[in-house]
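Trainee: This structure is in structure tokens; I'll ask about it shortly.
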Amino acid sequence: MSDVVTDDELLYRCIFRGLDKYYRIGEFGLELTSQAFTDRNQAPSVDRAKLCGYDPQCTQKNQDDGVVSLITGEVRMINVSQNDQKGKPVFDYKIDVCPRATDDNPSHAQIEPSPDYTNRNVFRKVAEKLARLATERIKKQDWEIKPEELRT
């Protein structure tokens, strides 16, 4: 098993069923919301597709849930700054995808910042950017698995 997540790796993220919470139909079609990438530890979980046989079902928590994909290199290109009280950038966070295999899930990884976020507003911006990246992939290549309410 590789202990480095390469830039070209495909990542899966479970999107829980819940129209208007995790995704909505907006002016430009379906859009994921930042809620789809929230995490109480501010490190959203993903699965490394190659380590689960490129089977997005391994990422579903419930058969009604959806699964989207991201490309590691695009996640690493997310740019978000920590600003001072006057709004002037102080430093940029480095966003990375780190392998965090568990006994139950050897494909598990997390999207983590360096350094740690200093407040939830910065993490919210990252979650919004992750939602945008995943929405763009849905528009180009569709869902890996659509949530139950979007299946026809």
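Every chain in the structure tokens has a letter given in the order shown (A, B, ...), and although residue numbers restart at 1 in each chain, ligands are simply numbered from 1 in the order shown.
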Near A:Asn105, counting only C-alpha atoms, which residues have an atom at most 9 Å away, once you skip same-chain residues fewer than 4 positions from it, shown as a list in words?
Mentor: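 Listing them by chain and then by number gives Asp47, Cys52, Arg100 and Ala101 of chain A.
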Trainee: What separation in Å, quoted to one decimal, exists between atom CA of A:Arg40 and atom CA of A:Phe123?
Mentor: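 According to the coordinates, atom CA of A:Arg40 and atom CA of A:Phe123 are separated by 10.4 Å.
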Trainee: Among stretch 14-119 of chain A, which ones does DSSP place in alpha helix (DSSP H), written as number ranges by chain?
Mentor: A: 72-76
Trainee: For the residues selected in the previous step, produce a file with C-alpha atoms as a compact mmCIF listing (two decimals), in the first residue's frame.
Mentor:
# COMPACT_ATOMS: atom_id res chain seq x y z
CA THR A 72 -5.84 14.88 -5.58
CA GLY A 73 -3.82 17.44 -7.54
CA GLU A 74 -6.85 19.73 -7.86
CA VAL A 75 -7.49 19.49 -4.11
CA ARG A 76 -3.87 20.44 -3.45
Trainee: Measure the distance from atom CA of A:Ser45 to atom CA of A:Leu10 in Å and round it to one decimal.
Mentor: 13.4 Å
Trainee: Just the residues within 10 Å of A:Lys129, please, counting only C-alpha atoms, with nothing from its chain fewer than 4 positions along; format it as a list of chain:residue names.
Mentor: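 Residues near the query, excluding close chain neighbours: A:Thr33, A:Ser34, A:Phe37, A:Val75, A:Ile78, A:Asn79, A:Val80, A:Phe123, A:Arg124, A:Lys125, A:Leu133, A:Ala134, A:Thr135.
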Trainee: Any chance you could export the current selection's all heavy atoms as a tab-separated table (two decimals), in the first residue's frame?
Mentor:
chain	number	residue	atom	x	y	z
A	33	THR	N	-23.22	21.65	-1.84
A	33	THR	CA	-23.04	22.71	-0.86
A	33	THR	C	-21.80	22.40	-0.02
A	33	THR	O	-21.31	21.26	0.00
A	33	THR	CB	-24.26	22.83	0.07
A	33	THR	OG1	-24.31	21.68	0.92
A	33	THR	CG2	-25.55	22.98	-0.73
A	34	SER	N	-21.33	23.38	0.69
A	34	SER	CA	-20.17	23.17	1.56
A	34	SER	C	-20.48	22.13	2.64
A	34	SER	O	-19.58	21.47	3.15
A	34	SER	CB	-19.72	24.48	2.20
A	34	SER	OG	-20.74	25.02	3.00
A	37	PHE	N	-18.96	18.67	2.59
A	37	PHE	CA	-17.56	18.46	2.98
A	37	PHE	C	-17.27	18.89	4.41
A	37	PHE	O	-16.12	19.03	4.80
A	37	PHE	CB	-16.63	19.20	2.00
A	37	PHE	CG	-16.60	18.54	0.66
A	37	PHE	CD1	-17.48	18.93	-0.34
A	37	PHE	CD2	-15.72	17.51	0.40
A	37	PHE	CE1	-17.48	18.29	-1.57
A	37	PHE	CE2	-15.71	16.86	-0.83
A	37	PHE	CZ	-16.59	17.26	-1.81
A	75	VAL	N	-7.27	19.18	-5.52
A	75	VAL	CA	-7.49	19.49	-4.11
A	75	VAL	C	-6.28	20.25	-3.57
A	75	VAL	O	-6.41	21.26	-2.87
A	75	VAL	CB	-7.75	18.22	-3.29
A	75	VAL	CG1	-7.76	18.51	-1.80
A	75	VAL	CG2	-9.05	17.55	-3.73
A	78	ILE	N	-6.02	24.08	-4.07
A	78	ILE	CA	-6.90	25.01	-3.36
A	78	ILE	C	-6.04	26.03	-2.63
A	78	ILE	O	-5.10	25.68	-1.92
A	78	ILE	CB	-7.82	24.27	-2.37
A	78	ILE	CG1	-8.86	23.44	-3.14
A	78	ILE	CG2	-8.50	25.24	-1.41
A	78	ILE	CD1	-9.73	22.56	-2.27
A	79	ASN	N	-6.39	27.30	-2.84
A	79	ASN	CA	-5.65	28.39	-2.22
A	79	ASN	C	-6.56	29.10	-1.25
A	79	ASN	O	-7.63	29.59	-1.62
A	79	ASN	CB	-5.13	29.35	-3.30
A	79	ASN	CG	-4.28	30.45	-2.72
A	79	ASN	OD1	-3.78	30.34	-1.60
A	79	ASN	ND2	-4.12	31.51	-3.47
A	80	VAL	N	-6.14	29.14	0.01
A	80	VAL	CA	-6.89	29.87	1.02
A	80	VAL	C	-5.89	30.49	1.99
A	80	VAL	O	-4.90	29.88	2.36
A	80	VAL	CB	-7.93	28.98	1.74
A	80	VAL	CG1	-7.29	27.88	2.53
A	80	VAL	CG2	-8.87	29.79	2.60
A	123	PHE	N	-11.85	27.04	7.32
A	123	PHE	CA	-12.27	25.70	6.92
A	123	PHE	C	-13.52	25.75	6.04
A	123	PHE	O	-13.63	25.03	5.06
A	123	PHE	CB	-12.51	24.80	8.13
A	123	PHE	CG	-13.12	23.48	7.75
A	123	PHE	CD1	-12.40	22.57	6.98
A	123	PHE	CD2	-14.41	23.16	8.11
A	123	PHE	CE1	-12.96	21.36	6.59
A	123	PHE	CE2	-14.98	21.96	7.74
A	123	PHE	CZ	-14.26	21.05	6.97
A	124	ARG	N	-14.46	26.64	6.37
A	124	ARG	CA	-15.67	26.78	5.56
A	124	ARG	C	-15.33	27.15	4.12
A	124	ARG	O	-15.90	26.63	3.17
A	124	ARG	CB	-16.62	27.82	6.17
A	124	ARG	CG	-17.93	27.97	5.42
A	124	ARG	CD	-18.80	29.09	5.99
A	124	ARG	NE	-18.10	30.32	6.27
A	124	ARG	CZ	-17.71	31.21	5.33
A	124	ARG	NH1	-17.94	30.98	4.06
A	124	ARG	NH2	-17.09	32.33	5.69
A	125	LYS	N	-14.33	28.04	3.94
A	125	LYS	CA	-13.90	28.42	2.60
A	125	LYS	C	-13.34	27.22	1.85
A	125	LYS	O	-13.59	27.05	0.65
A	125	LYS	CB	-12.85	29.53	2.66
A	125	LYS	CG	-13.41	30.86	3.10
A	125	LYS	CD	-12.30	31.90	3.21
A	125	LYS	CE	-12.81	33.18	3.82
A	125	LYS	NZ	-11.73	34.15	4.04
A	133	LEU	N	-15.24	22.07	-6.70
A	133	LEU	CA	-14.48	21.09	-7.50
A	133	LEU	C	-15.32	19.86	-7.81
A	133	LEU	O	-15.33	19.36	-8.94
A	133	LEU	CB	-13.21	20.66	-6.74
A	133	LEU	CG	-12.03	21.61	-6.71
A	133	LEU	CD1	-10.93	21.05	-5.81
A	133	LEU	CD2	-11.50	21.85	-8.12
A	134	ALA	N	-16.01	19.36	-6.80
A	134	ALA	CA	-16.84	18.16	-7.00
A	134	ALA	C	-18.01	18.45	-7.93
A	134	ALA	O	-18.36	17.63	-8.78
A	134	ALA	CB	-17.34	17.63	-5.66
A	135	THR	N	-18.60	19.64	-7.83
A	135	THR	CA	-19.70	20.02	-8.71
A	135	THR	C	-19.22	20.07	-10.16
A	135	THR	O	-19.91	19.60	-11.08
A	135	THR	CB	-20.29	21.39	-8.29
A	135	THR	OG1	-20.84	21.27	-6.97
A	135	THR	CG2	-21.37	21.85	-9.25
Trainee: Give me, as a PyMOL selection string, the residues of stretch 59-88 of chain A that a backbone DSSP run labels strand (DSSP E or B).
Mentor: chain A and resi 66-71+80-83
Trainee: Do you have the atom CA of A:Asn62-atom CA of A:Pro44 distance handy?
Mentor: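 About the pair atom CA of A:Asn62 and atom CA of A:Pro44: they are 17.8 Å apart.
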Trainee: Between A:Glu148, A:Ala43, A:Pro89, A:Gly66, which is the closest to A:Val126 once you count only C-alpha atoms?
Mentor: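 Answer, going by the shortest atom-to-atom distance: A:Ala43.
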Trainee: Can you pull out the residues contacting A:Pro113? Cut-off 12 Å, using only C-alpha atoms, and skip same-chain residues under 2 positions away; I want them as a PyMOL selection string.
Mentor: chain A and resi 41-44+75-82+92-98+110-111+115-119+122-123+126-127
